[in-house]
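Below is input_23.csv, which holds CSV, C-alpha atoms and all ligand atoms.
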```csv
chain,number,residue,atom,x,y,z
A,72,MET,CA,0.0,0.0,0.0
A,73,GLU,CA,1.2,3.5,-0.8
A,74,ILE,CA,0.0,6.9,0.3
A,75,VAL,CA,0.8,9.9,-2.0
A,76,PHE,CA,0.4,13.4,-0.7
A,77,LEU,CA,-0.9,15.7,-3.4
A,78,GLY,CA,-1.3,18.8,-1.3
A,79,THR,CA,0.0,19.4,2.2
A,80,GLY,CA,-1.0,23.1,2.7
A,81,GLY,CA,-3.9,24.3,5.0
A,82,GLY,CA,-5.6,27.5,5.9
A,83,ARG,CA,-7.3,30.2,3.9
A,84,ILE,CA,-4.2,32.2,3.0
A,85,ASN,CA,-2.2,29.1,1.8
A,86,LEU,CA,-5.3,28.1,-0.2
A,87,ILE,CA,-5.2,31.2,-2.4
A,88,LYS,CA,-1.4,31.7,-2.4
A,89,GLN,CA,-0.7,27.9,-3.0
A,90,VAL,CA,2.5,28.0,-0.9
A,91,ARG,CA,1.8,24.3,-0.5
A,92,GLY,CA,-0.7,22.4,-2.7
A,93,THR,CA,-4.3,21.6,-1.7
A,94,GLY,CA,-5.0,18.4,-3.6
A,95,GLY,CA,-5.4,16.0,-0.6
A,96,PHE,CA,-3.9,12.6,-0.7
A,97,ARG,CA,-4.3,9.3,-2.4
A,98,ILE,CA,-4.2,5.7,-1.1
A,99,ASN,CA,-3.2,3.1,-3.7
A,100,SER,CA,-3.6,-0.5,-2.7
A,101,LYS,CA,-4.4,-3.9,-4.1
A,102,SER,CA,-8.1,-3.6,-3.2
A,103,ALA,CA,-8.7,0.0,-4.1
A,104,ASN,CA,-7.3,3.4,-5.1
A,105,ILE,CA,-8.9,6.1,-3.0
A,106,HIS,CA,-8.5,9.9,-3.3
A,107,VAL,CA,-9.2,11.8,0.0
A,108,ASP,CA,-10.2,15.4,0.1
A,109,PRO,CA,-9.6,16.6,-3.5
A,110,GLY,CA,-9.3,20.3,-3.0
A,111,PRO,CA,-8.0,22.8,-5.6
A,112,GLY,CA,-5.3,21.3,-7.7
A,113,ALA,CA,-6.1,17.6,-7.0
A,114,LEU,CA,-6.4,16.8,-10.7
A,115,ILE,CA,-3.3,18.6,-11.8
A,116,TYR,CA,-1.2,17.3,-8.9
A,117,SER,CA,-2.5,13.8,-9.6
A,118,ILE,CA,-1.3,14.0,-13.2
A,119,LYS,CA,2.0,15.6,-12.2
A,120,ASN,CA,2.7,12.8,-9.7
A,121,GLY,CA,1.7,9.9,-12.0
A,122,GLN,CA,-1.7,9.2,-10.3
A,123,ASP,CA,-4.2,8.4,-12.9
A,124,PRO,CA,-7.8,9.6,-12.0
A,125,LEU,CA,-9.1,6.8,-14.3
A,126,SER,CA,-7.8,4.2,-11.9
A,127,LEU,CA,-9.7,5.5,-8.9
A,128,ASP,CA,-12.2,3.3,-7.1
A,129,ALA,CA,-13.4,5.7,-4.4
A,130,ILE,CA,-13.3,9.4,-3.4
A,131,ILE,CA,-13.7,10.5,0.2
A,132,VAL,CA,-14.7,14.1,1.0
A,133,THR,CA,-14.5,14.7,4.8
A,134,HIS,CA,-16.4,18.1,4.6
A,135,ASN,CA,-17.9,20.7,2.4
A,136,HIS,CA,-15.1,23.3,2.5
A,137,THR,CA,-13.6,24.5,-0.8
A,138,ASP,CA,-10.1,23.2,0.1
A,139,HIS,CA,-11.4,19.7,0.5
A,140,VAL,CA,-14.1,19.4,-2.2
A,141,SER,CA,-13.5,21.8,-5.1
A,142,ASP,CA,-11.9,19.2,-7.4
A,143,ALA,CA,-14.3,16.3,-6.4
A,144,ALA,CA,-16.5,16.7,-9.5
A,145,VAL,CA,-13.6,16.5,-12.0
A,146,MET,CA,-12.1,13.5,-10.1
A,147,ILE,CA,-15.5,11.8,-10.4
A,148,GLU,CA,-15.3,12.4,-14.2
A,149,GLY,CA,-12.0,10.6,-14.2
A,150,MET,CA,-13.1,7.8,-11.9
A,151,THR,CA,-16.1,7.2,-14.2
A,152,SER,CA,-14.0,6.9,-17.4
A,153,TYR,CA,-14.7,10.5,-18.7
A,154,SER,CA,-18.2,10.3,-17.2
A,155,LEU,CA,-19.1,7.5,-19.5
A,156,LYS,CA,-19.6,4.7,-17.0
A,157,LYS,CA,-21.3,4.5,-13.7
A,158,ARG,CA,-18.4,3.5,-11.5
A,159,GLY,CA,-16.9,4.0,-8.1
A,160,ILE,CA,-17.8,5.1,-4.6
A,161,VAL,CA,-18.1,8.6,-3.2
A,162,ILE,CA,-18.2,8.9,0.6
A,163,GLY,CA,-19.0,12.4,1.7
A,164,SER,CA,-20.2,14.4,4.6
A,165,LYS,CA,-23.9,15.2,4.8
A,166,LYS,CA,-23.4,18.8,3.7
A,167,THR,CA,-21.2,17.7,0.8
A,168,LEU,CA,-23.8,15.3,-0.6
A,169,GLU,CA,-27.1,16.5,0.7
A,170,GLY,CA,-26.7,20.1,1.8
A,171,GLU,CA,-28.4,23.1,0.2
A,172,GLU,CA,-25.0,24.2,-1.0
A,173,LYS,CA,-23.6,20.7,-1.6
A,174,GLY,CA,-20.1,20.6,-3.1
A,175,ILE,CA,-20.9,17.6,-5.3
A,176,GLY,CA,-24.0,18.1,-7.5
A,177,ASN,CA,-26.7,15.7,-8.4
A,178,TRP,CA,-25.4,14.9,-11.9
A,179,HIS,CA,-21.9,13.9,-10.6
A,180,GLN,CA,-23.5,11.9,-7.8
A,181,SER,CA,-25.6,10.0,-10.4
A,182,LEU,CA,-22.4,8.7,-11.9
A,183,VAL,CA,-21.3,6.9,-8.7
A,184,THR,CA,-22.5,5.0,-5.6
A,185,THR,CA,-22.8,7.5,-2.8
A,186,TYR,CA,-22.7,7.1,0.9
A,187,THR,CA,-23.4,9.9,3.4
A,188,ALA,CA,-21.1,9.5,6.4
A,189,GLN,CA,-22.8,9.0,9.8
A,190,TYR,CA,-20.8,9.2,13.0
A,191,GLY,CA,-20.2,5.7,14.5
A,192,ASP,CA,-21.1,3.9,11.3
A,193,SER,CA,-18.9,1.0,10.1
A,194,LYS,CA,-19.3,0.2,6.4
A,195,HIS,CA,-17.9,-2.3,3.9
A,196,PHE,CA,-17.5,-1.5,0.3
A,197,LYS,CA,-16.7,-3.8,-2.6
A,198,THR,CA,-14.6,-2.5,-5.5
A,199,ALA,CA,-13.8,-4.0,-8.8
A,200,LYS,CA,-10.5,-5.3,-7.3
A,201,GLY,CA,-11.4,-6.1,-3.7
A,202,GLU,CA,-12.9,-4.5,-0.7
A,203,PHE,CA,-12.3,-2.0,2.1
A,204,GLY,CA,-14.0,-1.1,5.4
A,205,ILE,CA,-14.4,2.4,6.9
A,206,GLU,CA,-15.4,3.5,10.3
A,207,ILE,CA,-16.7,7.1,10.5
A,208,ALA,CA,-15.4,9.2,13.4
A,209,LYS,CA,-16.9,12.4,14.8
A,210,MET,CA,-15.0,15.7,14.3
A,211,LYS,CA,-15.8,19.2,15.5
A,212,HIS,CA,-15.3,21.8,12.8
A,213,ASP,CA,-17.4,24.7,11.5
A,214,GLU,CA,-18.8,22.4,8.8
A,215,PRO,CA,-21.1,20.5,11.3
A,216,THR,CA,-21.1,17.2,9.4
A,217,THR,CA,-17.3,16.9,9.1
A,218,PHE,CA,-16.0,13.4,9.7
A,219,GLY,CA,-12.7,11.5,10.0
A,220,PHE,CA,-12.2,7.8,9.6
A,221,ARG,CA,-10.4,4.5,10.2
A,222,LEU,CA,-9.9,2.7,6.9
A,223,THR,CA,-9.2,-1.0,6.9
A,224,MET,CA,-7.8,-2.5,3.6
A,225,ASP,CA,-5.4,-5.3,2.7
A,226,GLY,CA,-4.4,-5.9,6.3
A,227,ARG,CA,-3.6,-2.2,7.1
A,228,ILE,CA,-5.4,0.4,9.0
A,229,ILE,CA,-5.1,4.1,8.1
A,230,GLY,CA,-6.6,6.7,10.3
A,231,TYR,CA,-7.4,10.3,9.2
A,232,ILE,CA,-8.1,13.2,11.5
A,233,THR,CA,-9.2,16.0,9.2
A,234,ASP,CA,-10.0,19.6,10.1
A,235,THR,CA,-11.3,19.6,13.7
A,236,GLU,CA,-10.7,21.1,17.0
A,237,TYR,CA,-9.6,18.9,19.8
A,238,ILE,CA,-12.4,16.6,21.2
A,239,GLU,CA,-11.9,13.7,23.6
A,240,SER,CA,-13.1,11.0,21.1
A,241,LEU,CA,-10.2,11.6,18.7
A,242,VAL,CA,-8.0,9.4,20.9
A,243,GLU,CA,-10.4,6.5,20.0
A,244,LEU,CA,-8.7,6.2,16.6
A,245,THR,CA,-6.5,3.4,17.9
A,246,ASP,CA,-4.6,0.5,16.2
A,247,CYS,CA,-3.6,2.5,13.1
A,248,ASP,CA,-0.6,1.6,11.1
A,249,LEU,CA,-0.6,5.2,10.0
A,250,LEU,CA,-2.5,8.1,11.4
A,251,ILE,CA,-2.7,11.2,9.2
A,252,VAL,CA,-3.5,14.4,11.1
A,253,ASN,CA,-4.4,17.8,9.8
A,254,CYS,CA,-2.2,20.0,12.1
A,255,ILE,CA,-2.5,23.5,10.8
A,256,LYS,CA,-0.5,25.4,13.4
A,257,PRO,CA,2.2,24.9,16.1
A,258,GLN,CA,0.2,26.5,18.9
A,259,SER,CA,-3.1,28.0,19.7
A,260,ASP,CA,-3.8,31.5,18.4
A,261,GLY,CA,-7.3,32.1,19.6
A,262,TYR,CA,-9.0,30.7,16.5
A,263,HIS,CA,-10.7,27.4,17.0
A,264,GLY,CA,-11.7,24.6,14.6
A,265,HIS,CA,-8.2,23.2,14.0
A,266,LEU,CA,-5.6,21.2,15.8
A,267,THR,CA,-2.2,22.4,17.0
A,268,SER,CA,1.0,20.4,17.7
A,269,GLU,CA,0.0,20.2,21.4
A,270,ASP,CA,-3.3,18.6,20.5
A,271,VAL,CA,-1.6,16.1,18.2
A,272,ILE,CA,0.8,15.1,21.0
A,273,LYS,CA,-2.2,14.5,23.3
A,274,ILE,CA,-3.9,12.4,20.7
A,275,LEU,CA,-0.8,10.3,19.9
A,276,ARG,CA,-0.1,9.5,23.5
A,277,THR,CA,-3.4,7.6,23.8
A,278,ALA,CA,-4.2,6.6,20.2
A,279,LYS,CA,-0.7,5.2,19.8
A,280,PRO,CA,-0.5,4.6,16.0
A,281,LYS,CA,2.6,3.0,14.6
A,282,LYS,CA,3.4,6.2,12.7
A,283,CYS,CA,2.0,9.6,12.3
A,284,VAL,CA,2.1,12.2,9.4
A,285,ILE,CA,1.1,15.8,10.0
A,286,THR,CA,-0.3,17.6,6.9
A,287,HIS,CA,-2.7,20.5,6.0
A,288,LEU,CA,0.1,22.8,7.3
A,289,GLY,CA,-0.7,26.5,7.6
A,290,LEU,CA,1.6,29.4,7.1
A,291,LYS,CA,2.5,29.7,10.8
A,292,MET,CA,3.5,26.0,10.8
A,293,LEU,CA,5.5,26.5,7.6
A,294,ALA,CA,7.2,29.5,9.1
A,295,LYS,CA,8.1,27.6,12.3
A,296,GLY,CA,9.5,24.6,10.4
A,297,PRO,CA,7.2,21.5,10.0
A,298,ASN,CA,10.2,19.1,10.4
A,299,GLU,CA,11.2,20.6,13.7
A,300,GLU,CA,7.6,20.5,14.9
A,301,ALA,CA,7.3,16.8,13.8
A,302,ASP,CA,10.5,16.1,15.7
A,303,ARG,CA,9.1,17.8,18.8
A,304,ILE,CA,5.8,15.8,18.4
A,305,THR,CA,7.9,12.6,18.1
A,306,LYS,CA,9.9,13.4,21.2
A,307,GLU,CA,6.9,14.4,23.4
A,308,SER,CA,4.5,11.7,22.3
A,309,GLY,CA,6.8,8.8,21.7
A,310,ILE,CA,5.3,8.2,18.2
A,311,GLY,CA,7.4,8.6,15.1
A,312,THR,CA,5.9,11.6,13.3
A,313,ILE,CA,6.9,13.2,10.0
A,314,ALA,CA,5.7,16.3,8.3
A,315,ALA,CA,4.2,15.7,4.9
A,316,LYS,CA,5.6,17.4,1.8
A,317,ASP,CA,3.9,17.8,-1.6
A,318,GLY,CA,4.5,14.7,-3.7
A,319,MET,CA,5.7,12.7,-0.7
A,320,LYS,CA,5.0,8.9,-0.9
A,321,ILE,CA,4.8,6.5,2.1
A,322,THR,CA,4.8,2.8,1.6
A,323,LEU,CA,3.1,0.7,4.3
A,401,ZN,ZN,-12.2,22.9,6.9
```

Would you mind giving the structure from this file in structure tokens?
Amino acid sequence: MEIVFLGTGGGRINLIKQVRGTGGFRINSKSANIHVDPGPGALIYSIKNGQDPLSLDAIIVTHNHTDHVSDAAVMIEGMTSYSLKKRGIVIGSKKTLEGEEKGIGNWHQSLVTTYTAQYGDSKHFKTAKGEFGIEIAKMKHDEPTTFGFRLTMDGRIIGYITDTEYIESLVELTDCDLLIVNCIKPQSDGYHGHLTSEDVIKILRTAKPKKCVITHLGLKMLAKGPNEEADRITKESGIGTIAAKDGMKITL
């Protein structure tokens, strides 16, 4: 299994300035290829990094914010062979799939099988190549239906904590081979809705994944030095943590 980071920037200034990309990440495995949070640039970064949208089996959109959903429609057109075949799975937050201002419209949804994420749900999906399981985790963000997950596929477990402020239940994402965490800033600055390095340390001490990657890095994090922050998180949590870079690949 391989995880490819197609955008590791976070925050509203980074989004417009594109200091770091905002294309989300992709999981390639025997049983499925899954694109998670295809924000602006997901298609272009996929092509540039040799990740063919035609070979996607599923797309996951954790919440209906521009930097997570804006390229979902075009990635669906790839997954469905140029929109010619009904194919693939889209897992989205309620606001993304059913909201008044849903980020994925009816026509694109008609090309795929959709599932609206519900906290606490555990679902199995069959793909053309195999199957995967997903457990939906509660997050607390200003998009009220934002979700994270534990994904089980080919004997590996990948956890993803997307945009959220700290809530107790985040530590329940246990047994992960890799936990990917959106860690936008090194320390609290009075704005809520996102995790800081301190929050990540707290989560890792209890959730104890085998490895952690911080991503969705904001300008304050980039200024401070993501590698130094990842080293500090490693030291204080005891869990090996690395800071994602655009184009980075991890093999599990
Ligand atoms: Zn967000």

- Point out the residue among A:Gly219, A:Gly95, A:Gly176, A:Gly230 with the least atom-to-atom distance to His139 of chain A, counting all atoms listed in the file. A:Gly95

- Message: Considering all atoms listed in the file, can you say which of A:Cys283, A:Val75, A:Leu290, A:Ile274 comes closest to Pro257 of chain A?
- Response: A:Leu290

Within 12 Å of ligand ZN 401 (chain A), which residues of chain A show up? Give each one with its shortest atom-to-atom distance in Å (one decimal) and the two atoms involved, counting only C-alpha atoms and all ligand atoms, rows by chain then rising residue number, as a tab-separated table.
```
residue	atom	partner	partner_atom	distance
A:Gly80	CA	A:ZN401	ZN	12.0
A:Gly81	CA	A:ZN401	ZN	8.6
A:Gly82	CA	A:ZN401	ZN	8.1
A:Arg83	CA	A:ZN401	ZN	9.3
A:Leu86	CA	A:ZN401	ZN	11.2
A:Thr93	CA	A:ZN401	ZN	11.7
A:Asp108	CA	A:ZN401	ZN	10.3
A:Gly110	CA	A:ZN401	ZN	10.6
A:Val132	CA	A:ZN401	ZN	10.9
A:Thr133	CA	A:ZN401	ZN	8.8
A:His134	CA	A:ZN401	ZN	6.8
A:Asn135	CA	A:ZN401	ZN	7.6
A:His136	CA	A:ZN401	ZN	5.3
A:Thr137	CA	A:ZN401	ZN	8.0
A:Asp138	CA	A:ZN401	ZN	7.1
A:His139	CA	A:ZN401	ZN	7.2
A:Val140	CA	A:ZN401	ZN	9.9
A:Ser164	CA	A:ZN401	ZN	11.9
A:Met210	CA	A:ZN401	ZN	10.7
A:Lys211	CA	A:ZN401	ZN	10.0
A:His212	CA	A:ZN401	ZN	6.8
A:Asp213	CA	A:ZN401	ZN	7.2
A:Glu214	CA	A:ZN401	ZN	6.9
A:Pro215	CA	A:ZN401	ZN	10.2
A:Thr216	CA	A:ZN401	ZN	10.9
A:Thr217	CA	A:ZN401	ZN	8.2
A:Phe218	CA	A:ZN401	ZN	10.6
A:Gly219	CA	A:ZN401	ZN	11.8
A:Ile232	CA	A:ZN401	ZN	11.5
A:Thr233	CA	A:ZN401	ZN	7.9
A:Asp234	CA	A:ZN401	ZN	5.1
A:Thr235	CA	A:ZN401	ZN	7.6
A:Glu236	CA	A:ZN401	ZN	10.4
A:Asn253	CA	A:ZN401	ZN	9.8
A:Cys254	CA	A:ZN401	ZN	11.6
A:Ile255	CA	A:ZN401	ZN	10.5
A:His263	CA	A:ZN401	ZN	11.2
A:Gly264	CA	A:ZN401	ZN	7.9
A:His265	CA	A:ZN401	ZN	8.2
A:Leu266	CA	A:ZN401	ZN	11.2
A:His287	CA	A:ZN401	ZN	9.8
```

Output file for the selection above: C-alpha atoms, as a compact mmCIF listing (two decimals), in the coordinates of the input:
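Final output, again-v1.txt:
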```txt
# COMPACT_ATOMS: atom_id res chain seq x y z
CA GLY A 80 -1.00 23.10 2.70
CA GLY A 81 -3.90 24.30 5.00
CA GLY A 82 -5.60 27.50 5.90
CA ARG A 83 -7.30 30.20 3.90
CA LEU A 86 -5.30 28.10 -0.20
CA THR A 93 -4.30 21.60 -1.70
CA ASP A 108 -10.20 15.40 0.10
CA GLY A 110 -9.30 20.30 -3.00
CA VAL A 132 -14.70 14.10 1.00
CA THR A 133 -14.50 14.70 4.80
CA HIS A 134 -16.40 18.10 4.60
CA ASN A 135 -17.90 20.70 2.40
CA HIS A 136 -15.10 23.30 2.50
CA THR A 137 -13.60 24.50 -0.80
CA ASP A 138 -10.10 23.20 0.10
CA HIS A 139 -11.40 19.70 0.50
CA VAL A 140 -14.10 19.40 -2.20
CA SER A 164 -20.20 14.40 4.60
CA MET A 210 -15.00 15.70 14.30
CA LYS A 211 -15.80 19.20 15.50
CA HIS A 212 -15.30 21.80 12.80
CA ASP A 213 -17.40 24.70 11.50
CA GLU A 214 -18.80 22.40 8.80
CA PRO A 215 -21.10 20.50 11.30
CA THR A 216 -21.10 17.20 9.40
CA THR A 217 -17.30 16.90 9.10
CA PHE A 218 -16.00 13.40 9.70
CA GLY A 219 -12.70 11.50 10.00
CA ILE A 232 -8.10 13.20 11.50
CA THR A 233 -9.20 16.00 9.20
CA ASP A 234 -10.00 19.60 10.10
CA THR A 235 -11.30 19.60 13.70
CA GLU A 236 -10.70 21.10 17.00
CA ASN A 253 -4.40 17.80 9.80
CA CYS A 254 -2.20 20.00 12.10
CA ILE A 255 -2.50 23.50 10.80
CA HIS A 263 -10.70 27.40 17.00
CA GLY A 264 -11.70 24.60 14.60
CA HIS A 265 -8.20 23.20 14.00
CA LEU A 266 -5.60 21.20 15.80
CA HIS A 287 -2.70 20.50 6.00
```

Could you give me, as a PDB file with C-alpha atoms, keeping the file's coordinate frame, the residues that sit within 12 Å of (-10.2, 15.0, -20.0) in the file's coordinates, counting only C-alpha atoms?
```
ATOM      1  CA  LEU A 114      -6.400  16.800 -10.700  1.00  0.00           C
ATOM      2  CA  ILE A 115      -3.300  18.600 -11.800  1.00  0.00           C
ATOM      3  CA  ILE A 118      -1.300  14.000 -13.200  1.00  0.00           C
ATOM      4  CA  ASP A 123      -4.200   8.400 -12.900  1.00  0.00           C
ATOM      5  CA  PRO A 124      -7.800   9.600 -12.000  1.00  0.00           C
ATOM      6  CA  LEU A 125      -9.100   6.800 -14.300  1.00  0.00           C
ATOM      7  CA  VAL A 145     -13.600  16.500 -12.000  1.00  0.00           C
ATOM      8  CA  MET A 146     -12.100  13.500 -10.100  1.00  0.00           C
ATOM      9  CA  ILE A 147     -15.500  11.800 -10.400  1.00  0.00           C
ATOM     10  CA  GLU A 148     -15.300  12.400 -14.200  1.00  0.00           C
ATOM     11  CA  GLY A 149     -12.000  10.600 -14.200  1.00  0.00           C
ATOM     12  CA  MET A 150     -13.100   7.800 -11.900  1.00  0.00           C
ATOM     13  CA  THR A 151     -16.100   7.200 -14.200  1.00  0.00           C
ATOM     14  CA  SER A 152     -14.000   6.900 -17.400  1.00  0.00           C
ATOM     15  CA  TYR A 153     -14.700  10.500 -18.700  1.00  0.00           C
ATOM     16  CA  SER A 154     -18.200  10.300 -17.200  1.00  0.00           C
ATOM     17  CA  LEU A 155     -19.100   7.500 -19.500  1.00  0.00           C
TER      18      LEU A 155
END
```

- Pick out the closest residue to Gln258 of chain A from this set: A:Thr187, A:Lys291, A:Gln122, A:Ile131. Count all atoms listed in the file.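 Residue with the minimum atom-to-atom distance to Gln258 of chain A: A:Lys291.
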
- Note on the structure: Atom pair atom CA of Gly112 of chain A + atom CA of Leu77 of chain A, distance 8.3 Å

- Name all residues at most 9 Å from Ile285 of chain A (count only C-alpha atoms; drop same-chain ones fewer than 3 positions away) and give them as an NGL selection string. :A and (79 or 250-255 or 268 or 271 or 288 or 297 or 301 or 312-315)

- Task: Choose the residue, out of A:Ile74, A:Ile130, A:Cys247, A:Ala113, that has the smallest atom-to-atom separation from Gly226 of chain A; count only C-alpha atoms.
- Result: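 Ranking A:Ile74, A:Ile130, A:Cys247, A:Ala113 by distance to Gly226 of chain A, first place goes to A:Cys247.
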
- Record the distance separating atom CA of Pro111 of chain A and atom CA of Thr223 of chain A, expressed in Å with one decimal.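 Computing it gives 26.9 Å between the two atoms.
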
- Message: Residues within 10 Å of Ile310 of chain A, please, as an NGL selection string. Count only C-alpha atoms; anything in the same chain fewer than 3 positions from it doesn't count.
- Response: :A and (272 or 275-276 or 278-283 or 301-302 or 304-307 or 313)

- Query: How many Å lie between atom CA of Val90 of chain A and atom CA of Asp260 of chain A, rounded to one decimal?
  - Reply: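 Straight-line distance from atom CA of Val90 of chain A to atom CA of Asp260 of chain A works out to 20.6 Å.
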
- Non-local contacts of Gly78 of chain A (7 Å; all atoms listed in the file; under 5 positions in same chain excluded) as JSON, numbers by chain: {"A": [91, 92, 93, 94, 95, 96, 317]}

- Message: I'd like to know which of A:Arg221, A:Lys320, A:Lys194, A:Arg303 is closest to Arg97 of chain A, using only C-alpha atoms.
- Response: A:Lys320
